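K.L.:
My structure is stored as final07.txt, with compact mmCIF, C-alpha atoms.
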```txt
# COMPACT_ATOMS: atom_id res chain seq x y z
CA MET A 1 124.01 39.72 77.78
CA LEU A 2 120.71 41.16 76.57
CA GLU A 3 119.75 44.50 78.08
CA VAL A 4 116.68 46.51 77.23
CA LEU A 5 116.55 50.11 78.38
CA ASN A 6 113.47 52.27 78.44
CA LEU A 7 111.96 50.64 75.36
CA ALA A 8 108.81 52.11 73.81
CA CYS A 9 106.95 50.47 70.95
CA SER A 10 103.77 51.12 69.06
CA ARG A 11 101.85 49.51 66.21
CA GLY A 12 100.54 52.16 63.83
CA GLU A 13 99.11 54.96 65.97
CA HIS A 14 98.51 52.69 68.91
CA PRO A 15 101.16 52.76 71.68
CA LEU A 16 101.76 49.29 73.16
CA PHE A 17 104.23 49.88 75.96
CA THR A 18 106.65 52.56 77.12
CA GLY A 19 109.57 52.64 79.53
CA LEU A 20 110.17 48.89 79.40
CA SER A 21 113.51 47.88 80.92
CA PHE A 22 114.86 44.45 81.70
CA ALA A 23 118.04 42.44 81.53
CA LEU A 24 118.48 38.82 80.60
CA LYS A 25 121.72 37.27 81.79
CA ALA A 26 123.38 33.97 80.95
CA SER A 27 121.40 30.89 81.98
CA GLU A 28 118.24 32.88 82.50
CA LEU A 29 114.77 32.07 81.24
CA MET A 30 112.21 34.79 80.70
CA GLN A 31 108.57 34.51 79.79
CA VAL A 32 106.82 37.54 78.33
CA GLN A 33 103.28 37.56 79.62
CA GLY A 34 100.23 39.49 78.57
CA SER A 35 96.81 39.18 77.02
CA ASN A 36 96.25 39.02 73.26
CA GLY A 37 97.28 42.29 71.67
CA SER A 38 99.42 43.44 74.58
CA GLY A 39 102.53 43.57 72.40
CA LYS A 40 104.34 40.31 73.11
CA THR A 41 105.07 39.58 69.47
CA THR A 42 105.91 43.24 68.83
CA LEU A 43 108.45 43.15 71.66
CA LEU A 44 110.11 39.99 70.32
CA ARG A 45 110.12 41.30 66.76
CA THR A 46 111.66 44.55 67.98
CA LEU A 47 114.36 42.55 69.75
CA CYS A 48 115.08 40.89 66.39
CA GLY A 49 115.30 44.24 64.65
CA PHE A 50 112.33 43.70 62.31
CA LEU A 51 110.53 46.62 63.92
CA GLN A 52 111.92 49.99 64.92
CA GLN A 53 111.37 51.02 68.51
CA ASP A 54 109.95 54.51 69.15
CA ASP A 55 112.36 55.08 71.98
CA GLY A 56 114.92 53.27 74.11
CA GLU A 57 117.86 51.01 73.44
CA ILE A 58 118.58 47.31 73.05
CA ARG A 59 122.07 46.18 74.03
CA TRP A 60 123.92 42.95 73.47
CA ASP A 61 127.04 42.36 75.58
CA GLY A 62 126.99 46.05 76.49
CA GLN A 63 126.86 47.29 72.88
CA ASN A 64 123.89 48.73 71.04
CA VAL A 65 122.60 45.99 68.72
CA ARG A 66 122.63 48.38 65.77
CA GLN A 67 126.38 48.74 66.11
CA ALA A 68 127.09 45.13 66.97
CA LYS A 69 124.66 43.77 64.43
CA GLU A 70 126.71 40.88 63.11
CA GLU A 71 127.73 39.57 66.56
CA TYR A 72 124.17 39.90 67.77
CA LEU A 73 122.59 38.16 64.78
CA SER A 74 125.03 35.27 64.86
CA ALA A 75 124.40 34.76 68.57
CA MET A 76 120.63 34.80 68.23
CA PHE A 77 117.93 32.38 67.11
CA TYR A 78 114.39 33.53 66.44
CA LEU A 79 111.34 31.48 65.62
CA GLY A 80 108.06 33.31 65.16
CA HIS A 81 104.54 32.25 64.30
CA HIS A 82 105.65 31.11 60.87
CA ASN A 83 107.73 27.99 60.57
CA ALA A 84 109.71 29.23 57.55
CA ILE A 85 109.54 25.83 55.88
CA LYS A 86 108.40 24.92 52.38
CA ASP A 87 105.59 22.46 51.67
CA GLU A 88 107.26 21.11 48.55
CA LEU A 89 110.52 20.17 50.23
CA SER A 90 111.17 17.24 52.54
CA ALA A 91 111.81 17.69 56.25
CA LEU A 92 115.50 16.99 55.67
CA GLU A 93 115.83 19.51 52.82
CA ASN A 94 113.94 22.13 54.80
CA PHE A 95 116.15 21.58 57.79
CA SER A 96 119.44 21.80 55.88
CA ILE A 97 118.31 24.87 53.96
CA SER A 98 117.05 26.81 56.96
CA ALA A 99 120.17 25.99 58.96
CA GLY A 100 122.19 27.02 55.89
CA LEU A 101 120.45 30.38 55.66
CA ALA A 102 121.47 30.99 59.25
CA GLY A 103 125.04 30.30 58.16
CA TYR A 104 125.47 26.71 59.37
CA GLN A 105 126.60 23.93 57.09
CA VAL A 106 124.96 20.76 58.33
CA ASP A 107 125.88 17.32 57.01
CA GLU A 108 123.19 14.75 56.43
CA LYS A 109 124.04 12.64 59.47
CA THR A 110 123.72 15.57 61.88
CA ALA A 111 120.53 16.66 60.18
CA LEU A 112 118.97 13.21 60.40
CA SER A 113 119.86 12.80 64.06
CA ALA A 114 118.44 16.26 64.88
CA LEU A 115 115.17 15.43 63.11
CA ARG A 116 115.01 12.04 64.86
CA ARG A 117 115.51 13.62 68.24
CA MET A 118 112.56 15.89 67.40
CA GLY A 119 110.44 12.77 66.94
CA LEU A 120 110.39 12.71 63.14
CA ARG A 121 111.95 9.28 62.64
CA GLY A 122 110.72 7.75 59.39
CA ARG A 123 109.40 11.08 58.14
CA GLU A 124 112.72 12.74 57.31
CA ARG A 125 112.30 12.38 53.57
CA LEU A 126 108.58 13.01 53.26
CA PRO A 127 107.46 16.29 51.73
CA VAL A 128 106.41 18.62 54.52
CA LYS A 129 102.95 19.06 53.02
CA VAL A 130 101.94 15.59 54.20
CA LEU A 131 103.05 16.33 57.77
CA SER A 132 100.74 17.66 60.48
CA GLN A 133 101.00 21.17 61.94
CA GLY A 134 102.76 19.85 65.02
CA GLN A 135 105.27 17.90 62.95
CA ARG A 136 106.00 20.99 60.85
CA ARG A 137 106.66 22.92 64.04
CA ARG A 138 109.06 20.16 65.08
CA VAL A 139 110.93 20.49 61.77
CA ALA A 140 111.34 24.21 62.39
CA LEU A 141 112.40 23.71 66.00
CA ALA A 142 115.00 21.06 65.06
CA ARG A 143 117.38 23.92 64.21
CA LEU A 144 117.70 24.58 67.95
CA LEU A 145 119.68 21.35 68.18
CA VAL A 146 122.46 22.33 65.78
CA GLU A 147 122.76 26.11 65.86
CA GLU A 148 125.00 27.46 68.54
CA ALA A 149 122.93 30.49 69.47
CA ARG A 150 123.36 32.00 72.92
CA LEU A 151 120.00 33.73 72.84
CA TRP A 152 116.77 32.04 71.82
CA ILE A 153 113.80 34.25 71.04
CA LEU A 154 110.78 32.00 70.72
CA ASP A 155 107.34 33.35 69.92
CA GLU A 156 104.72 30.77 70.91
CA PRO A 157 107.06 27.81 70.36
CA LEU A 158 104.52 25.36 71.74
CA THR A 159 101.78 26.06 69.17
CA ALA A 160 100.41 22.78 67.79
CA LEU A 161 102.87 20.67 69.80
CA ASP A 162 101.65 17.61 71.70
CA VAL A 163 102.49 16.70 75.31
CA GLY A 164 105.59 14.73 74.32
CA ALA A 165 106.96 17.58 72.23
CA VAL A 166 106.27 20.11 74.98
CA SER A 167 108.34 18.10 77.44
CA LEU A 168 111.05 17.77 74.78
CA MET A 169 111.05 21.56 74.45
CA GLU A 170 111.38 21.88 78.24
CA GLU A 171 114.34 19.53 78.04
CA LEU A 172 115.95 21.53 75.20
CA ILE A 173 115.47 24.81 77.04
CA GLY A 174 117.00 23.21 80.13
CA GLU A 175 120.06 22.17 78.07
CA GLN A 176 120.38 25.64 76.58
CA LEU A 177 120.33 27.24 80.04
CA SER A 178 122.84 24.78 81.45
CA LYS A 179 125.19 25.66 78.54
CA GLY A 180 125.00 29.29 79.63
CA GLY A 181 122.53 30.39 76.97
CA SER A 182 119.38 32.31 77.65
CA VAL A 183 115.83 32.07 76.38
CA ILE A 184 113.06 34.64 76.08
CA PHE A 185 109.69 33.30 75.00
CA THR A 186 105.96 33.79 74.98
CA THR A 187 103.37 31.10 75.49
CA HIS A 188 99.86 30.61 76.77
CA GLN A 189 100.59 27.03 77.79
CA PRO A 190 102.32 25.98 81.00
CA LEU A 191 106.04 25.44 80.48
CA ALA A 192 108.29 24.61 83.39
CA VAL A 193 111.95 23.77 83.26
CA ALA A 194 113.12 21.68 86.19
CA GLY A 195 115.39 23.50 88.60
CA VAL A 196 115.13 26.87 86.83
CA GLU A 197 113.12 29.84 87.93
CA THR A 198 111.21 31.48 85.09
CA GLN A 199 111.35 35.25 85.19
CA ARG A 200 108.09 36.88 84.23
CA LEU A 201 107.82 40.02 82.19
CA PRO A 202 104.24 41.24 82.25
CA LEU A 203 102.99 43.54 79.47
CA SER A 204 99.73 45.34 79.99
CA MET B 205 129.57 23.40 63.39
CA LYS B 206 130.96 24.55 60.05
CA ARG B 207 130.08 28.05 58.92
CA LEU B 208 128.99 28.80 55.36
CA SER B 209 130.98 31.32 53.34
CA LEU B 210 129.27 34.17 51.49
CA LEU B 211 129.56 32.33 48.18
CA GLY B 212 128.27 29.15 49.80
CA LEU B 213 125.28 31.11 51.03
CA LEU B 214 124.67 32.60 47.56
CA GLY B 215 124.82 29.11 46.06
CA LEU B 216 122.45 27.78 48.70
CA VAL B 217 119.79 30.39 47.93
CA ILE B 218 120.04 29.75 44.17
CA ARG B 219 119.94 25.95 44.60
CA ARG B 220 116.96 26.28 46.90
CA ASP B 221 115.00 28.37 44.41
CA LEU B 222 115.81 25.98 41.57
CA LEU B 223 114.81 22.99 43.71
CA LEU B 224 111.51 24.64 44.61
CA ALA B 225 110.87 25.41 40.96
CA MET B 226 111.55 21.78 40.05
CA ARG B 227 108.88 20.70 42.50
CA ARG B 228 106.46 23.32 41.21
CA ARG B 229 107.12 23.35 37.49
CA SER B 230 103.94 25.13 36.42
CA ASP B 231 105.29 28.51 37.55
CA VAL B 232 108.25 28.33 35.18
CA LEU B 233 106.19 26.98 32.31
CA THR B 234 103.57 29.76 32.58
CA THR B 235 106.18 32.41 31.84
CA LEU B 236 107.65 30.49 28.94
CA VAL B 237 104.31 29.56 27.37
CA PHE B 238 103.12 33.15 27.69
CA PHE B 239 106.24 34.37 25.87
CA VAL B 240 105.89 31.82 23.07
CA MET B 241 102.17 32.57 22.66
CA VAL B 242 102.53 36.34 22.50
CA VAL B 243 105.37 36.21 19.99
CA SER B 244 103.57 33.62 17.84
CA LEU B 245 100.35 35.62 17.74
CA PHE B 246 101.95 38.49 15.85
CA PRO B 247 102.59 36.74 12.50
CA LEU B 248 99.01 35.47 12.66
CA GLY B 249 97.64 38.92 13.47
CA VAL B 250 99.54 41.17 11.09
CA GLY B 251 99.82 38.87 8.10
CA PRO B 252 102.62 36.87 6.54
CA GLU B 253 104.61 39.51 4.55
CA PRO B 254 108.26 38.57 5.29
CA GLU B 255 109.49 42.15 4.87
CA MET B 256 107.18 43.48 7.58
CA LEU B 257 107.78 40.51 9.91
CA ARG B 258 111.55 40.92 9.68
CA LYS B 259 111.22 44.60 10.52
CA MET B 260 109.04 44.16 13.58
CA ALA B 261 110.66 40.97 14.94
CA PRO B 262 113.12 42.49 17.45
CA GLY B 263 110.48 44.77 18.92
CA VAL B 264 107.95 41.99 19.27
CA VAL B 265 110.40 39.60 20.92
CA TRP B 266 111.69 42.25 23.33
CA VAL B 267 108.24 43.52 24.34
CA ALA B 268 107.03 39.95 24.86
CA ALA B 269 110.11 39.18 26.99
CA LEU B 270 109.46 42.31 29.04
CA LEU B 271 105.83 41.37 29.66
CA ALA B 272 106.66 37.73 30.38
CA SER B 273 109.24 38.71 32.97
CA MET B 274 106.59 40.90 34.68
CA LEU B 275 104.38 37.81 35.12
CA SER B 276 106.62 36.11 37.63
CA LEU B 277 107.76 39.23 39.51
CA ALA B 278 104.88 39.25 41.98
CA ARG B 279 105.90 35.73 43.04
CA MET B 280 109.54 36.59 43.54
CA PHE B 281 109.39 37.24 47.28
CA SER B 282 105.76 36.60 48.22
CA ALA B 283 106.01 32.89 49.11
CA ASP B 284 109.07 33.50 51.29
CA TYR B 285 107.33 36.47 52.88
CA LEU B 286 104.18 34.52 53.73
CA ASP B 287 105.87 31.48 55.26
CA GLY B 288 108.41 33.46 57.29
CA THR B 289 111.52 32.47 55.31
CA LEU B 290 112.22 36.10 54.49
CA GLU B 291 112.31 36.92 58.23
CA GLN B 292 114.88 34.18 58.73
CA MET B 293 116.92 35.51 55.78
CA LEU B 294 116.90 38.96 57.36
CA LEU B 295 118.34 37.43 60.53
CA ALA B 296 121.22 35.80 58.68
CA PRO B 297 124.39 37.25 60.18
CA GLN B 298 125.93 37.66 56.74
CA SER B 299 124.87 40.41 54.42
CA PHE B 300 121.19 40.29 53.54
CA SER B 301 121.98 41.78 50.11
CA VAL B 302 123.87 38.61 49.18
CA LEU B 303 120.77 36.52 49.89
CA VAL B 304 118.73 38.97 47.82
CA LEU B 305 121.25 38.68 44.98
CA GLY B 306 120.80 34.91 45.17
CA LYS B 307 117.04 35.30 44.86
CA ILE B 308 117.49 37.62 41.86
CA ILE B 309 119.84 35.19 40.11
CA GLY B 310 117.42 32.35 40.83
CA HIS B 311 114.59 34.39 39.36
CA TRP B 312 116.58 35.10 36.22
CA LEU B 313 117.59 31.46 35.77
CA LEU B 314 113.94 30.45 36.00
CA SER B 315 112.18 33.20 34.11
CA GLY B 316 114.83 35.00 32.05
CA LEU B 317 117.16 32.29 30.78
CA PRO B 318 114.39 30.07 29.29
CA LEU B 319 113.18 33.07 27.27
CA VAL B 320 116.69 33.76 25.99
CA LEU B 321 117.12 30.15 24.92
CA ILE B 322 113.83 29.90 23.06
CA ALA B 323 113.99 33.36 21.44
CA PRO B 324 116.11 32.26 18.41
CA VAL B 325 113.54 29.58 17.60
CA LEU B 326 110.80 32.17 17.68
CA GLY B 327 112.94 34.53 15.62
CA VAL B 328 112.86 32.02 12.78
CA GLN B 329 109.08 32.53 12.59
CA PHE B 330 109.87 36.13 11.65
CA ASP B 331 112.40 35.13 8.99
CA MET B 332 115.26 36.80 10.88
CA SER B 333 118.77 36.35 9.48
CA GLY B 334 121.44 34.40 11.33
CA ASP B 335 123.33 37.55 12.35
CA ALA B 336 120.17 39.18 13.63
CA LEU B 337 119.31 36.08 15.68
CA MET B 338 122.80 36.08 17.19
CA VAL B 339 122.59 39.74 18.21
CA LEU B 340 119.07 39.21 19.56
CA LEU B 341 120.34 36.32 21.68
CA ILE B 342 123.29 38.31 23.07
CA GLY B 343 121.06 41.32 23.69
CA LEU B 344 118.55 39.22 25.62
CA LEU B 345 121.34 37.55 27.55
CA LEU B 346 122.54 40.98 28.70
CA GLY B 347 119.14 42.59 29.05
CA THR B 348 116.93 40.03 30.80
CA PRO B 349 119.07 40.05 34.00
CA VAL B 350 118.46 43.80 34.15
CA LEU B 351 114.71 43.15 33.95
CA SER B 352 114.96 40.70 36.86
CA MET B 353 117.07 43.11 38.89
CA ILE B 354 114.90 46.19 38.36
CA GLY B 355 111.85 43.99 38.83
CA ALA B 356 113.18 42.83 42.19
CA ILE B 357 113.04 46.39 43.52
CA GLY B 358 109.42 46.71 42.42
CA ALA B 359 108.53 43.31 43.84
CA ALA B 360 110.15 44.21 47.16
CA LEU B 361 108.36 47.55 47.40
CA THR B 362 104.93 46.06 46.67
CA LEU B 363 105.38 43.04 48.94
CA GLY B 364 102.27 42.29 50.94
CA LEU B 365 100.14 44.89 49.18
CA ARG B 366 96.79 43.99 47.70
CA GLY B 367 96.84 44.19 43.90
CA GLY B 368 100.63 44.27 44.06
CA GLY B 369 100.88 42.44 40.73
CA VAL B 370 99.52 45.33 38.70
CA LEU B 371 101.34 47.93 40.74
CA VAL B 372 104.68 46.22 40.24
CA SER B 373 104.23 46.37 36.45
CA LEU B 374 103.37 50.06 36.62
CA LEU B 375 106.47 50.72 38.72
CA VAL B 376 108.89 48.59 36.77
CA LEU B 377 107.89 48.86 33.10
CA PRO B 378 108.91 52.53 32.66
CA LEU B 379 112.32 51.77 34.17
CA CYS B 380 112.83 48.96 31.66
CA ILE B 381 112.34 51.18 28.61
CA PRO B 382 116.09 51.85 28.05
CA VAL B 383 116.75 48.10 27.94
CA LEU B 384 114.00 47.69 25.35
CA ILE B 385 115.32 50.57 23.22
CA PHE B 386 118.93 49.42 23.12
CA GLY B 387 118.00 45.75 22.79
CA THR B 388 115.91 46.34 19.68
CA ALA B 389 118.29 48.96 18.30
CA ALA B 390 121.14 46.42 18.31
CA VAL B 391 119.14 44.02 16.14
CA ASP B 392 117.98 46.83 13.83
CA ALA B 393 121.60 47.94 13.44
CA VAL B 394 122.89 44.53 12.42
CA THR B 395 119.99 44.11 9.95
CA ALA B 396 120.85 47.49 8.40
CA GLY B 397 124.52 46.48 8.26
CA MET B 398 125.62 49.08 10.81
CA ASP B 399 127.69 48.81 13.98
CA TYR B 400 125.67 47.08 16.66
CA THR B 401 128.37 46.77 19.34
CA THR B 402 127.60 50.18 20.90
CA ASN B 403 124.09 49.09 21.76
CA LEU B 404 125.26 45.79 23.21
CA ALA B 405 127.97 47.58 25.20
CA LEU B 406 125.33 49.88 26.65
CA LEU B 407 123.20 46.88 27.63
CA GLY B 408 126.25 45.37 29.30
CA ALA B 409 126.84 48.61 31.17
CA PHE B 410 123.22 48.62 32.35
CA MET B 411 123.66 45.09 33.62
CA LEU B 412 126.81 45.88 35.58
CA PHE B 413 125.27 49.01 37.01
CA ALA B 414 122.14 47.14 38.06
CA LEU B 415 124.21 44.29 39.49
CA THR B 416 126.02 46.73 41.75
CA PHE B 417 123.08 48.66 43.09
CA THR B 418 119.84 46.71 42.83
CA PRO B 419 120.62 44.03 45.47
CA LEU B 420 121.32 46.76 48.04
CA VAL B 421 118.22 48.74 47.11
CA THR B 422 116.04 45.62 47.05
CA ALA B 423 117.34 44.56 50.47
CA GLN B 424 116.42 47.97 51.90
CA ALA B 425 112.99 47.85 50.26
CA LEU B 426 112.35 44.40 51.74
CA LYS B 427 113.28 45.62 55.20
CA ILE B 428 110.76 48.44 54.87
CA SER B 429 108.06 46.12 53.53
CA MET B 430 108.50 43.71 56.43
CA GLU B 431 107.96 46.24 59.24
```
Would you write out, as structure tokens, the structure that this file holds?
P.N.:
Amino acid sequence: MLEVLNLACSRGEHPLFTGLSFALKASELMQVQGSNGSGKTTLLRTLCGFLQQDDGEIRWDGQNVRQAKEEYLSAMFYLGHHNAIKDELSALENFSISAGLAGYQVDEKTALSALRRMGLRGRERLPVKVLSQGQRRRVALARLLVEEARLWILDEPLTALDVGAVSLMEELIGEQLSKGGSVIFTTHQPLAVAGVETQRLPLS
Amino acid sequence: MKRLSLLGLLGLVIRRDLLLAMRRRSDVLTTLVFFVMVVSLFPLGVGPEPEMLRKMAPGVVWVAALLASMLSLARMFSADYLDGTLEQMLLAPQSFSVLVLGKIIGHWLLSGLPLVLIAPVLGVQFDMSGDALMVLLIGLLLGTPVLSMIGAIGAALTLGLRGGGVLVSLLVLPLCIPVLIFGTAAVDAVTAGMDYTTNLALLGAFMLFALTFTPLVTAQALKISME
């Protein structure tokens, strides 16, 4: 599925890593590890195509992602540090709109059940500005339940989440892997999915 | 799960921007109030001679519309940039330019169309004739989308820069001069009893030209700004 060959990235004049190669196959879970500033976010953003790599190649199903852009983008889900939700809109509106931007038409029933599974029962129609940081993160993560992405790229998905939500995330990642999807993520919190070995990708 | 078509996606972006504006009305009203104020100040400043007012009316309305549309440009992409929505738009498997076109249309509906609708009322302050008001209205209807479209390129290029608001005006205003010239010339022509259709046709041509190219250019500029 995802193959990275000899990747080199830098931020400004400062080189972050060179010669990085790894492969992520179906049903595999990979955690990118490294201290602050080691280039975890840069790596994930490069995988998304926001940043240009200095050298190397990223392949999806054996094709360079620049050539197979549409297939790659429709098979991929990315959530970064920002939740991409609007304070003025309700959780439900935010959810339908962000799923819509990714190309999915979600009816209200599906949307409500996704938000409820994320622990937002009773708060579906409240404007997001009255929700806590953790609840906002849950609204953003609810898209994982409806979008059929084979590859999840999650940058610090557990930020602001409580213990219950962390175990829910472990459950969701477990489901994704059992469906044959794969997940690459960064976190500074412990995250363990039962019965799955987490591959570690250290950046220095 | 059902997939959205390109048109569905375009509609979604426009509906979203209108919904956001409904929840945050002050942004729309600022532009409109600014336009009304600037245009209304002129009769007070230069005196009430009807002959002079009639002569300067098209220029005043057009310049005020140009400045008013600059006001909201800096906000066009900045909120989406700051909260990460723009990143998600860039990841949409469909063409990013279509989403950008949706944002541009949304911007025009919120900051261009209100000006067009109120302009005839303001024109009455300047004792403009019925024909002149009609041509002014059509001219603005053709010209203000061009201002939004050219403005989008400037807004995309200055995204995330400090003092971007001033810079965007410096970038965009010179490019809007042709619209201003042909927009006012059309009204002058009808007042002088000459053929005004050439000027309007040119404005229409500008609009079609901008409609074809600016979404692509803006999309590229946004990609560069987001690196």
K.L.:
Give me, as a ChimeraX atom specification, the contact residues of chain B against chain A at a cut-off of 9 Å, counting all atoms listed in the file.
P.N.:
/B:205-210,212-213,216-217,220,223-224,227-228,283-299,303,427-428,430-431
K.L.:
How far is it from CA of Pro252 in chain B to CA of Val237 in chain B, in Å with one decimal?
P.N.:
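Going from CA of Pro252 in chain B over to CA of Val237 in chain B covers 22.1 Å.
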K.L.:
Which distance in Å separates CA of Leu112 in chain A and CA of Leu126 in chain A, to one decimal?
P.N.:
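Value for the CA of Leu112 in chain A-CA of Leu126 in chain A distance: 12.6 Å.
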K.L.:
Have a look at CA of Val242 in chain B and CA of Glu255 in chain B and let me know their distance in Å, one decimal.
P.N.:
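Between CA of Val242 in chain B and CA of Glu255 in chain B the gap is 19.8 Å.
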K.L.:
Please write as an MDAnalysis selection string the list of polymer residues whose atoms come within 12 Å of (118.7, 48.1, 18.8), counting all atoms listed in the file and keeping to the coordinates of the file.
P.N.:
chainID B and resid 259:263 266 336 339:340 342:344 347 382:396 398:407
K.L.:
Quick one: everything within 12 Å of Val421 in chain B, counting all atoms listed in the file, minus sequence neighbours fewer than 6 positions away in the same chain. Send it as a PyMOL selection string.
P.N.:
chain B and resi 300-302+304-305+353-361+414-415+427-428
K.L.:
Using all atoms listed in the file for the distances, tell me which of B:Leu319, B:Leu412, B:Met280, B:Val267 is nearest to Leu233 in chain B.
P.N.:
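Closest candidate: B:Leu319.
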K.L.:
Pick out the residues sitting within 12 Å of Gly122 in chain A, and hand them over as a PyMOL selection string; count only C-alpha atoms, and ignore anything fewer than 5 positions along from it in its own chain.
P.N.:
chain A and resi 90-92+112-113+115-117+127+131
K.L.:
Can you pull out the residues contacting Gln199 in chain A? Cut-off 7 Å, using all atoms listed in the file, and skip same-chain residues under 3 positions away; I want them as a count of residues only.
P.N.:
3
K.L.:
Just the residues within 9 Å of Met169 in chain A, please, counting all atoms listed in the file, with nothing from its chain fewer than 6 positions along; format it as a list in words.
P.N.:
Leu141, Pro157, Leu158 and Leu191 of chain A
